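The data block below is input-v2.pdb; it holds PDB, C-alpha atoms.
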```
ATOM      1  CA  MET A  31     124.403 -79.170 -35.592
ATOM      2  CA  LYS A  32     127.459 -80.321 -37.463
ATOM      3  CA  SER A  33     129.748 -79.512 -34.537
ATOM      4  CA  LEU A  34     127.371 -81.404 -32.242
ATOM      5  CA  GLY A  35     127.773 -84.446 -34.478
ATOM      6  CA  ILE A  36     131.544 -84.215 -34.280
ATOM      7  CA  LEU A  37     131.353 -83.732 -30.526
ATOM      8  CA  SER A  38     129.184 -86.806 -30.023
ATOM      9  CA  ALA A  39     131.509 -88.777 -32.286
ATOM     10  CA  GLY A  40     134.441 -87.672 -30.158
ATOM     11  CA  ILE A  41     132.721 -88.752 -26.967
ATOM     12  CA  VAL A  42     131.860 -92.173 -28.362
ATOM     13  CA  PHE A  43     135.418 -92.582 -29.662
ATOM     14  CA  ALA A  44     136.882 -91.666 -26.281
ATOM     15  CA  ALA A  45     134.480 -94.050 -24.561
ATOM     16  CA  ALA A  46     135.495 -96.894 -26.863
ATOM     17  CA  LEU A  47     139.193 -96.311 -26.236
ATOM     18  CA  GLY A  48     138.554 -95.987 -22.516
ATOM     19  CA  THR A  49     136.818 -99.345 -22.337
ATOM     20  CA  VAL A  50     139.575-101.144 -24.137
ATOM     21  CA  ALA A  51     142.706 -99.444 -22.877
ATOM     22  CA  SER A  52     142.145 -97.829 -19.519
ATOM     23  CA  SER A  53     139.796 -99.937 -17.419
ATOM     24  CA  ASP A  54     142.610-100.918 -15.040
ATOM     25  CA  ASP A  55     143.396 -97.338 -14.038
ATOM     26  CA  HIS A  56     142.008 -97.969 -10.553
ATOM     27  CA  VAL A  57     144.336-100.921  -9.913
ATOM     28  CA  ASP A  58     147.858-100.612  -8.516
ATOM     29  CA  GLU A  59     150.337-100.848 -11.390
ATOM     30  CA  ALA A  60     152.403-103.602  -9.772
ATOM     31  CA  VAL A  61     149.277-105.697  -9.142
ATOM     32  CA  MET A  62     148.148-105.244 -12.742
ATOM     33  CA  LYS A  63     151.574-106.315 -14.046
ATOM     34  CA  ALA A  64     151.346-109.481 -11.949
ATOM     35  CA  VAL A  65     147.832-110.223 -13.255
ATOM     36  CA  LYS A  66     148.950-109.748 -16.859
ATOM     37  CA  ALA A  67     152.015-111.925 -16.299
ATOM     38  CA  ARG A  68     149.964-114.843 -14.980
ATOM     39  CA  GLN A  69     147.525-114.427 -17.865
ATOM     40  CA  ALA A  70     150.501-114.595 -20.250
ATOM     41  CA  GLN A  71     151.597-117.774 -18.497
ATOM     42  CA  MET A  72     148.097-119.308 -18.886
ATOM     43  CA  GLN A  73     148.179-118.314 -22.557
ATOM     44  CA  LEU A  74     151.436-120.230 -22.994
ATOM     45  CA  TYR A  75     149.931-123.253 -21.218
ATOM     46  CA  ALA A  76     147.020-123.119 -23.664
ATOM     47  CA  PHE A  77     149.267-122.662 -26.696
ATOM     48  CA  ASN A  78     151.419-125.692 -25.914
ATOM     49  CA  LEU A  79     148.563-127.882 -24.684
ATOM     50  CA  GLY A  80     146.576-126.882 -27.762
ATOM     51  CA  GLN A  81     149.266-128.269 -30.035
ATOM     52  CA  LEU A  82     149.363-131.539 -28.125
ATOM     53  CA  GLY A  83     145.573-131.728 -28.013
ATOM     54  CA  ALA A  84     145.318-131.243 -31.776
ATOM     55  CA  MET A  85     147.632-134.235 -32.288
ATOM     56  CA  ALA A  86     145.808-136.339 -29.699
ATOM     57  CA  LYS A  87     142.477-135.615 -31.399
ATOM     58  CA  GLY A  88     143.913-136.349 -34.838
ATOM     59  CA  GLU A  89     143.339-132.804 -36.088
ATOM     60  CA  VAL A  90     147.007-132.572 -37.053
ATOM     61  CA  ASP A  91     149.468-135.377 -37.763
ATOM     62  CA  TYR A  92     151.465-136.644 -34.810
ATOM     63  CA  ASP A  93     155.049-135.361 -34.889
ATOM     64  CA  ALA A  94     157.375-136.722 -32.207
ATOM     65  CA  GLY A  95     159.687-133.691 -32.239
ATOM     66  CA  ALA A  96     156.866-131.160 -32.045
ATOM     67  CA  ALA A  97     155.093-133.191 -29.349
ATOM     68  CA  SER A  98     158.254-133.409 -27.250
ATOM     69  CA  ALA A  99     158.923-129.698 -27.676
ATOM     70  CA  ALA A 100     155.404-128.684 -26.614
ATOM     71  CA  ALA A 101     155.341-131.103 -23.671
ATOM     72  CA  GLY A 102     158.804-129.980 -22.556
ATOM     73  CA  ASN A 103     157.648-126.373 -22.689
ATOM     74  CA  LEU A 104     154.553-127.227 -20.679
ATOM     75  CA  ALA A 105     156.640-129.025 -18.039
ATOM     76  CA  LYS A 106     158.845-125.943 -17.650
ATOM     77  CA  LEU A 107     155.977-123.465 -17.687
ATOM     78  CA  THR A 108     153.967-125.346 -15.072
ATOM     79  CA  SER A 109     157.010-125.434 -12.787
ATOM     80  CA  LEU A 110     157.571-121.666 -12.775
ATOM     81  CA  ASP A 111     157.601-120.102  -9.314
ATOM     82  CA  GLY A 112     154.238-118.370  -9.045
ATOM     83  CA  ARG A 113     154.577-116.256  -5.901
ATOM     84  CA  ALA A 114     155.231-113.018  -7.772
ATOM     85  CA  VAL A 115     152.226-113.319 -10.077
ATOM     86  CA  TRP A 116     149.643-114.630  -7.606
ATOM     87  CA  VAL A 117     149.834-111.618  -5.330
ATOM     88  CA  PRO A 118     147.229-111.063  -2.592
ATOM     89  CA  GLY A 119     144.705-108.409  -3.558
ATOM     90  CA  SER A 120     144.556-109.475  -7.210
ATOM     91  CA  ASP A 121     141.283-111.422  -7.079
ATOM     92  CA  ASP A 122     138.189-110.548  -9.081
ATOM     93  CA  ALA A 123     136.322-109.100  -6.107
ATOM     94  CA  THR A 124     139.166-106.673  -5.381
ATOM     95  CA  ILE A 125     140.288-105.531  -8.832
ATOM     96  CA  GLY A 126     137.147-106.234 -10.850
ATOM     97  CA  LYS A 127     135.605-109.036 -12.858
ATOM     98  CA  ASP A 128     136.641-107.480 -16.169
ATOM     99  CA  LEU A 129     140.321-107.789 -15.249
ATOM    100  CA  THR A 130     140.618-111.284 -13.793
ATOM    101  CA  GLU A 131     138.678-114.504 -13.215
ATOM    102  CA  ALA A 132     140.784-115.375 -10.157
ATOM    103  CA  LEU A 133     138.504-116.017  -7.181
ATOM    104  CA  PRO A 134     139.319-114.809  -3.652
ATOM    105  CA  ALA A 135     139.295-118.483  -2.563
ATOM    106  CA  ILE A 136     142.799-118.812  -4.043
ATOM    107  CA  TRP A 137     144.143-116.805  -1.120
ATOM    108  CA  SER A 138     141.750-117.934   1.597
ATOM    109  CA  GLU A 139     142.498-120.140   4.602
ATOM    110  CA  GLY A 140     142.672-123.786   3.555
ATOM    111  CA  SER A 141     143.202-123.009  -0.114
ATOM    112  CA  LYS A 142     144.354-126.048  -2.075
ATOM    113  CA  VAL A 143     145.820-123.993  -4.925
ATOM    114  CA  GLY A 144     149.390-124.960  -4.062
ATOM    115  CA  GLU A 145     148.768-128.696  -4.271
ATOM    116  CA  LYS A 146     146.682-128.292  -7.412
ATOM    117  CA  ALA A 147     149.517-126.397  -9.071
ATOM    118  CA  LYS A 148     151.894-129.150  -8.006
ATOM    119  CA  ALA A 149     149.572-131.802  -9.488
ATOM    120  CA  LEU A 150     149.565-129.932 -12.804
ATOM    121  CA  SER A 151     153.342-129.729 -12.829
ATOM    122  CA  ILE A 152     153.651-133.471 -12.126
ATOM    123  CA  ALA A 153     151.129-134.356 -14.839
ATOM    124  CA  ALA A 154     152.989-132.149 -17.337
ATOM    125  CA  THR A 155     156.320-133.744 -16.416
ATOM    126  CA  GLU A 156     154.807-137.209 -16.905
ATOM    127  CA  LEU A 157     153.445-136.109 -20.280
ATOM    128  CA  ASP A 158     156.853-134.720 -21.226
ATOM    129  CA  ALA A 159     158.469-138.071 -20.446
ATOM    130  CA  VAL A 160     156.379-139.929 -23.052
ATOM    131  CA  ALA A 161     155.077-137.354 -25.546
ATOM    132  CA  GLY A 162     157.788-138.257 -28.076
ATOM    133  CA  ASP A 163     157.070-141.992 -27.840
ATOM    134  CA  GLY A 164     154.140-142.108 -30.239
ATOM    135  CA  LEU A 165     150.521-141.054 -30.488
ATOM    136  CA  ASP A 166     149.214-143.675 -28.063
ATOM    137  CA  ALA A 167     151.704-142.611 -25.393
ATOM    138  CA  LEU A 168     150.705-138.973 -25.899
ATOM    139  CA  ARG A 169     147.022-139.850 -25.687
ATOM    140  CA  GLY A 170     147.584-141.866 -22.528
ATOM    141  CA  ALA A 171     149.264-139.029 -20.657
ATOM    142  CA  ILE A 172     147.503-135.877 -21.860
ATOM    143  CA  GLY A 173     144.278-136.582 -19.991
ATOM    144  CA  ASN A 174     145.820-136.021 -16.579
ATOM    145  CA  VAL A 175     147.089-132.611 -17.663
ATOM    146  CA  GLY A 176     143.619-131.577 -18.783
ATOM    147  CA  LYS A 177     142.131-132.899 -15.539
ATOM    148  CA  SER A 178     144.666-130.886 -13.528
ATOM    149  CA  CYS A 179     143.763-127.703 -15.415
ATOM    150  CA  GLY A 180     140.080-128.329 -14.812
ATOM    151  CA  GLY A 181     140.616-129.331 -11.190
ATOM    152  CA  CYS A 182     141.966-125.894 -10.380
ATOM    153  CA  HIS A 183     139.617-123.892 -12.620
ATOM    154  CA  GLU A 184     136.578-125.551 -11.101
ATOM    155  CA  ASP A 185     137.246-124.219  -7.624
ATOM    156  CA  TYR A 186     139.370-121.158  -8.165
ATOM    157  CA  ARG A 187     138.432-119.574 -11.493
ATOM    158  CA  ARG A 188     135.150-117.724 -11.901
ATOM    159  CA  SER A 189     132.740-119.483 -14.204
ATOM    160  CA  ASP A 190     130.547-117.256 -16.324
ATOM    161  CA  ASP A 191     128.260-120.099 -17.440
TER     162      ASP A 191
ATOM    163  CA  MET B 748     121.198 -83.415 -39.028
ATOM    164  CA  LYS B 749     120.759 -85.305 -35.792
ATOM    165  CA  SER B 750     120.707 -88.663 -37.542
ATOM    166  CA  LEU B 751     123.840 -87.644 -39.441
ATOM    167  CA  GLY B 752     125.554 -87.016 -36.104
ATOM    168  CA  ILE B 753     124.562 -90.444 -34.817
ATOM    169  CA  LEU B 754     125.705 -92.010 -38.068
ATOM    170  CA  SER B 755     129.123 -90.363 -37.903
ATOM    171  CA  ALA B 756     129.413 -91.404 -34.264
ATOM    172  CA  GLY B 757     128.620 -94.973 -35.279
ATOM    173  CA  ILE B 758     131.295 -94.955 -37.963
ATOM    174  CA  VAL B 759     133.925 -93.603 -35.600
ATOM    175  CA  PHE B 760     132.910 -96.156 -32.971
ATOM    176  CA  ALA B 761     133.185 -99.022 -35.456
ATOM    177  CA  ALA B 762     136.561 -97.710 -36.633
ATOM    178  CA  ALA B 763     137.848 -97.527 -33.067
ATOM    179  CA  LEU B 764     136.751-101.096 -32.299
ATOM    180  CA  GLY B 765     138.215-102.280 -35.586
ATOM    181  CA  THR B 766     141.609-100.800 -34.820
ATOM    182  CA  VAL B 767     141.788-102.281 -31.380
ATOM    183  CA  ALA B 768     140.130-105.655 -31.710
ATOM    184  CA  SER B 769     140.057-106.854 -35.296
ATOM    185  CA  SER B 770     143.173-105.718 -37.109
ATOM    186  CA  ASP B 771     144.495-109.284 -37.355
ATOM    187  CA  ASP B 772     141.544-110.536 -39.393
ATOM    188  CA  HIS B 773     143.743-110.814 -42.471
ATOM    189  CA  VAL B 774     146.274-113.081 -40.751
ATOM    190  CA  ASP B 775     146.001-116.867 -40.561
ATOM    191  CA  GLU B 776     144.634-117.824 -37.138
ATOM    192  CA  ALA B 777     147.450-120.282 -36.391
ATOM    193  CA  VAL B 778     150.087-117.663 -37.261
ATOM    194  CA  MET B 779     148.389-115.106 -35.033
ATOM    195  CA  LYS B 780     148.263-117.571 -32.122
ATOM    196  CA  ALA B 781     152.001-118.162 -32.516
ATOM    197  CA  VAL B 782     152.707-114.417 -32.570
ATOM    198  CA  LYS B 783     150.633-113.862 -29.436
ATOM    199  CA  ALA B 784     152.326-116.789 -27.685
ATOM    200  CA  ARG B 785     155.828-115.410 -28.304
ATOM    201  CA  GLN B 786     154.663-111.971 -27.166
ATOM    202  CA  ALA B 787     153.363-113.606 -23.967
ATOM    203  CA  GLN B 788     156.768-115.244 -23.542
ATOM    204  CA  MET B 789     158.544-111.883 -23.981
ATOM    205  CA  GLN B 790     156.147-110.383 -21.442
ATOM    206  CA  LEU B 791     157.167-113.050 -18.923
ATOM    207  CA  TYR B 792     160.849-112.357 -19.646
ATOM    208  CA  ALA B 793     160.200-108.680 -18.922
ATOM    209  CA  PHE B 794     158.195-109.402 -15.783
ATOM    210  CA  ASN B 795     160.892-111.568 -14.207
ATOM    211  CA  LEU B 796     163.828-109.464 -15.407
ATOM    212  CA  GLY B 797     161.996-106.368 -14.187
ATOM    213  CA  GLN B 798     161.891-107.743 -10.655
ATOM    214  CA  LEU B 799     165.592-108.548 -10.707
ATOM    215  CA  GLY B 800     166.417-105.180 -12.270
ATOM    216  CA  ALA B 801     164.490-103.334  -9.568
ATOM    217  CA  MET B 802     166.595-105.073  -6.918
ATOM    218  CA  ALA B 803     169.844-104.487  -8.814
ATOM    219  CA  LYS B 804     169.018-100.775  -9.119
ATOM    220  CA  GLY B 805     168.066-100.541  -5.466
ATOM    221  CA  GLU B 806     164.458 -99.612  -6.228
ATOM    222  CA  VAL B 807     163.268-102.503  -4.058
ATOM    223  CA  ASP B 808     165.111-104.307  -1.273
ATOM    224  CA  TYR B 809     167.122-107.350  -2.270
ATOM    225  CA  ASP B 810     165.368-110.588  -1.316
ATOM    226  CA  ALA B 811     167.311-113.795  -1.927
ATOM    227  CA  GLY B 812     164.197-115.963  -2.285
ATOM    228  CA  ALA B 813     162.448-113.616  -4.690
ATOM    229  CA  ALA B 814     165.647-113.118  -6.691
ATOM    230  CA  SER B 815     166.191-116.872  -7.001
ATOM    231  CA  ALA B 816     162.576-117.414  -8.000
ATOM    232  CA  ALA B 817     162.659-114.754 -10.725
ATOM    233  CA  ALA B 818     166.045-115.890 -12.061
ATOM    234  CA  GLY B 819     164.935-119.528 -12.042
ATOM    235  CA  ASN B 820     161.820-118.554 -13.973
ATOM    236  CA  LEU B 821     163.904-116.615 -16.472
ATOM    237  CA  ALA B 822     166.257-119.575 -16.970
ATOM    238  CA  LYS B 823     163.277-121.842 -17.717
ATOM    239  CA  LEU B 824     161.495-119.324 -19.938
ATOM    240  CA  THR B 825     164.583-118.598 -22.043
ATOM    241  CA  SER B 826     165.104-122.323 -22.598
ATOM    242  CA  LEU B 827     161.626-122.971 -24.022
ATOM    243  CA  ASP B 828     161.615-124.556 -27.459
ATOM    244  CA  GLY B 829     160.703-121.710 -29.802
ATOM    245  CA  ARG B 830     160.020-123.461 -33.103
ATOM    246  CA  ALA B 831     156.247-123.358 -32.755
ATOM    247  CA  VAL B 832     156.069-119.637 -31.978
ATOM    248  CA  TRP B 833     158.690-118.339 -34.449
ATOM    249  CA  VAL B 834     156.872-119.613 -37.511
ATOM    250  CA  PRO B 835     157.911-118.480 -41.002
ATOM    251  CA  GLY B 836     155.541-115.892 -42.415
ATOM    252  CA  SER B 837     155.034-114.134 -39.082
ATOM    253  CA  ASP B 838     157.387-111.168 -39.676
ATOM    254  CA  ASP B 839     156.266-107.554 -39.705
ATOM    255  CA  ALA B 840     156.479-107.221 -43.479
ATOM    256  CA  THR B 841     154.133-110.181 -43.971
ATOM    257  CA  ILE B 842     151.518-109.720 -41.245
ATOM    258  CA  GLY B 843     151.839-105.984 -40.589
ATOM    259  CA  LYS B 844     153.797-103.627 -38.387
ATOM    260  CA  ASP B 845     150.882-103.170 -35.988
ATOM    261  CA  LEU B 846     150.938-106.870 -35.086
ATOM    262  CA  THR B 847     154.623-107.647 -34.618
ATOM    263  CA  GLU B 848     158.057-106.045 -34.450
ATOM    264  CA  ALA B 849     159.751-109.235 -35.685
ATOM    265  CA  LEU B 850     161.908-108.464 -38.724
ATOM    266  CA  PRO B 851     162.119-110.777 -41.744
ATOM    267  CA  ALA B 852     165.886-111.101 -41.038
ATOM    268  CA  ILE B 853     165.001-113.597 -38.280
ATOM    269  CA  TRP B 854     164.168-116.158 -40.949
ATOM    270  CA  SER B 855     166.679-115.144 -43.613
ATOM    271  CA  GLU B 856     169.779-117.043 -44.770
ATOM    272  CA  GLY B 857     172.599-116.619 -42.254
ATOM    273  CA  SER B 858     170.304-115.506 -39.434
ATOM    274  CA  LYS B 859     172.056-115.598 -36.069
ATOM    275  CA  VAL B 860     168.823-115.754 -34.077
ATOM    276  CA  GLY B 861     169.479-119.302 -32.908
ATOM    277  CA  GLU B 862     172.839-118.513 -31.357
ATOM    278  CA  LYS B 863     171.532-115.271 -29.860
ATOM    279  CA  ALA B 864     168.689-117.175 -28.203
ATOM    280  CA  LYS B 865     171.226-119.682 -26.891
ATOM    281  CA  ALA B 866     173.379-116.851 -25.481
ATOM    282  CA  LEU B 867     170.351-115.473 -23.639
ATOM    283  CA  SER B 868     169.542-118.862 -22.180
ATOM    284  CA  ILE B 869     173.151-119.312 -20.985
ATOM    285  CA  ALA B 870     173.239-115.824 -19.445
ATOM    286  CA  ALA B 871     169.944-116.487 -17.640
ATOM    287  CA  THR B 872     171.211-119.833 -16.337
ATOM    288  CA  GLU B 873     174.374-118.131 -15.041
ATOM    289  CA  LEU B 874     172.238-115.476 -13.379
ATOM    290  CA  ASP B 875     170.047-118.180 -11.832
ATOM    291  CA  ALA B 876     173.129-119.842 -10.329
ATOM    292  CA  VAL B 877     174.065-116.757  -8.280
ATOM    293  CA  ALA B 878     170.928-114.598  -7.940
ATOM    294  CA  GLY B 879     170.298-115.891  -4.413
ATOM    295  CA  ASP B 880     173.871-115.222  -3.257
ATOM    296  CA  GLY B 881     173.469-111.543  -2.480
ATOM    297  CA  LEU B 882     172.999-108.217  -4.222
ATOM    298  CA  ASP B 883     176.565-108.009  -5.556
ATOM    299  CA  ALA B 884     176.291-111.443  -7.144
ATOM    300  CA  LEU B 885     172.969-110.461  -8.738
ATOM    301  CA  ARG B 886     174.437-107.199 -10.012
ATOM    302  CA  GLY B 887     177.446-109.006 -11.450
ATOM    303  CA  ALA B 888     175.375-111.439 -13.506
ATOM    304  CA  ILE B 889     172.337-109.448 -14.623
ATOM    305  CA  GLY B 890     174.258-107.331 -17.136
ATOM    306  CA  ASN B 891     174.892-110.232 -19.484
ATOM    307  CA  VAL B 892     171.183-111.025 -19.585
ATOM    308  CA  GLY B 893     170.357-107.449 -20.540
ATOM    309  CA  LYS B 894     173.092-107.478 -23.180
ATOM    310  CA  SER B 895     171.696-110.698 -24.639
ATOM    311  CA  CYS B 896     168.213-109.194 -24.874
ATOM    312  CA  GLY B 897     169.624-106.115 -26.587
ATOM    313  CA  GLY B 898     171.906-108.143 -28.846
ATOM    314  CA  CYS B 899     168.920-109.825 -30.431
ATOM    315  CA  HIS B 900     166.600-106.818 -30.459
ATOM    316  CA  GLU B 901     169.208-104.670 -32.192
ATOM    317  CA  ASP B 902     169.303-106.832 -35.304
ATOM    318  CA  TYR B 903     165.967-108.622 -35.321
ATOM    319  CA  ARG B 904     163.357-106.369 -33.735
ATOM    320  CA  ARG B 905     162.068-103.326 -35.559
ATOM    321  CA  SER B 906     163.113-100.076 -33.928
ATOM    322  CA  ASP B 907     160.602 -97.257 -34.116
ATOM    323  CA  ASP B 908     163.059 -94.635 -32.920
TER     324      ASP B 908
END
```
Written as structure tokens, that's how I'd like the structure from this file.
Amino acid sequence: MKSLGILSAGIVFAAALGTVASSDDHVDEAVMKAVKARQAQMQLYAFNLGQLGAMAKGEVDYDAGAASAAAGNLAKLTSLDGRAVWVPGSDDATIGKDLTEALPAIWSEGSKVGEKAKALSIAATELDAVAGDGLDALRGAIGNVGKSCGGCHEDYRRSDD
Amino acid sequence: MKSLGILSAGIVFAAALGTVASSDDHVDEAVMKAVKARQAQMQLYAFNLGQLGAMAKGEVDYDAGAASAAAGNLAKLTSLDGRAVWVPGSDDATIGKDLTEALPAIWSEGSKVGEKAKALSIAATELDAVAGDGLDALRGAIGNVGKSCGGCHEDYRRSDD
């Protein structure tokens, strides 16, 4: 009975590791690298926008240097060339909902993803131009960046609500 | 005995989840966000440099557009303002070796991290200027980027060799 206990423990342990570490085994390695790279890029959007948002909401004190740095980063990040990370065949229906929230519509005929990405980049550049000019200037320009994020997520990112 | 087996399985399961998902519970949330953001940035360095390296090594065909895109991305990524992600107190001795490979020397008196980061940014910009001009031009400029990566990692990233 004792060995059965150890065996069942081993199975559960292996299952736990499998869920966390190996669920992308069925996906082409190059595709998975691209998916992880775009997720890293989104994470950096969120990190920089989060800092600006915290100032805009008054959660942290406005700091012109920090605001400029974060907005400058966001302007650069949103202007990265995305062809290598948004590869066809990397949508949630193809590789699985646990690995990405990217909807097939991104790659479908008539997709507006390109212009939405451009709108985000423009909004971030406009924010960058004024983020160091005071809290009111930051507040006036950050809204368009948030709207651009949402405008793309609404149509092209799976919602689990 | 059966319930003992289930109990031991439960403990192992909890331990496995703890190791994978919750080992940063002891670290300040803002510090952990900064650490994850710089790791995302490094991941994007690797993704773009990996594409250029594969062309340079002849593993994939040279493509001027793809090479320019990756090198342009690398030039932007290596010029991001890093103050918000390289926060004091986020070295491996402080937060733990399982969470970061960043050595305390990064933040110590006389640290050369700033100039090493600048050297990387310059090397990436020089690579960006020629990456679209053919395979020989790419090969001639990519070495300095690799050296700049290594030059920083040698002194400031923990080696587990």
Apply the PyMOL selection byres ((chain B and resi 892) around 10) to the structure shown and report the selected residues as a ChimeraX atom specification. /B:796,821,866-874,888-891,893-898
Determine the residue set returned by the PyMOL selection byres ((chain A and resi 133) around 8) for the present structure, and present it as a ChimeraX atom specification. /A:121-123,131-132,134-136,186-188
As a check of understanding, name the residues that the PyMOL selection byres ((chain A and resi 125) around 10) selects in the supplied structure, as a PyMOL selection string. chain A and resi 54+56-58+61-62+65+119-124+126-130+132
I'd like the interatomic distance between atom CA of A:Ala76 and atom CA of A:Ser138, to a tenth of an Å. 26.3 Å
As a check of understanding: the span from atom CA of A:Asp111 to atom CA of B:Ala816 is 5.8 Å
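Counting from atom CA of A:Leu165, the distance to atom CA of A:Lys106 is 21.5 Å.
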Only C-alpha atoms, please: stretch 136-190 of chain A from the block, as a compact mmCIF listing (two decimals), in the first residue's frame.
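Below you can see decode-v1.txt, which holds the result:
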```
# COMPACT_ATOMS: atom_id res chain seq x y z
CA ILE A 136 -6.40 38.66 -37.01
CA TRP A 137 -5.33 36.81 -40.14
CA SER A 138 -8.63 36.72 -42.00
CA GLU A 139 -9.59 38.61 -45.16
CA GLY A 140 -10.41 42.22 -44.34
CA SER A 141 -8.62 42.18 -41.00
CA LYS A 142 -8.10 45.66 -39.60
CA VAL A 143 -5.26 44.61 -37.29
CA GLY A 144 -2.65 46.54 -39.27
CA GLU A 145 -4.45 49.87 -38.99
CA LYS A 146 -5.28 49.26 -35.35
CA ALA A 147 -1.62 48.63 -34.60
CA LYS A 148 -0.76 51.82 -36.45
CA ALA A 149 -3.34 53.76 -34.40
CA LEU A 150 -1.74 52.47 -31.19
CA SER A 151 1.71 53.50 -32.35
CA ILE A 152 0.47 57.01 -33.24
CA ALA A 153 -1.31 57.40 -29.90
CA ALA A 154 1.83 56.28 -28.04
CA THR A 155 3.98 58.72 -30.02
CA GLU A 156 1.56 61.54 -29.19
CA LEU A 157 1.69 60.54 -25.52
CA ASP A 158 5.49 60.47 -25.66
CA ALA A 159 5.54 64.02 -27.01
CA VAL A 160 3.77 65.45 -23.94
CA ALA A 161 4.21 62.97 -21.08
CA GLY A 162 7.04 65.04 -19.57
CA ASP A 163 5.03 68.27 -19.69
CA GLY A 164 3.05 67.77 -16.49
CA LEU A 165 0.26 65.65 -15.08
CA ASP A 166 -2.51 67.35 -17.05
CA ALA A 167 -0.68 66.78 -20.34
CA LEU A 168 -0.16 63.13 -19.42
CA ARG A 169 -3.81 62.73 -18.49
CA GLY A 170 -4.91 64.36 -21.73
CA ALA A 171 -2.95 61.98 -23.94
CA ILE A 172 -3.08 58.63 -22.15
CA GLY A 173 -6.74 58.00 -22.93
CA ASN A 174 -6.14 57.49 -26.63
CA VAL A 175 -3.51 54.86 -25.89
CA GLY A 176 -5.93 52.93 -23.70
CA LYS A 177 -8.64 53.24 -26.35
CA SER A 178 -6.25 51.89 -28.99
CA CYS A 179 -5.40 48.88 -26.82
CA GLY A 180 -9.08 48.20 -26.25
CA GLY A 181 -9.98 48.80 -29.88
CA CYS A 182 -7.81 45.91 -30.97
CA HIS A 183 -8.57 43.59 -28.04
CA GLU A 184 -12.29 43.95 -28.57
CA ASP A 185 -12.22 42.44 -32.04
CA TYR A 186 -9.10 40.33 -32.09
CA ARG A 187 -8.44 39.00 -28.59
CA ARG A 188 -10.61 36.27 -27.11
CA SER A 189 -12.72 37.46 -24.22
CA ASP A 190 -13.30 34.97 -21.45
```
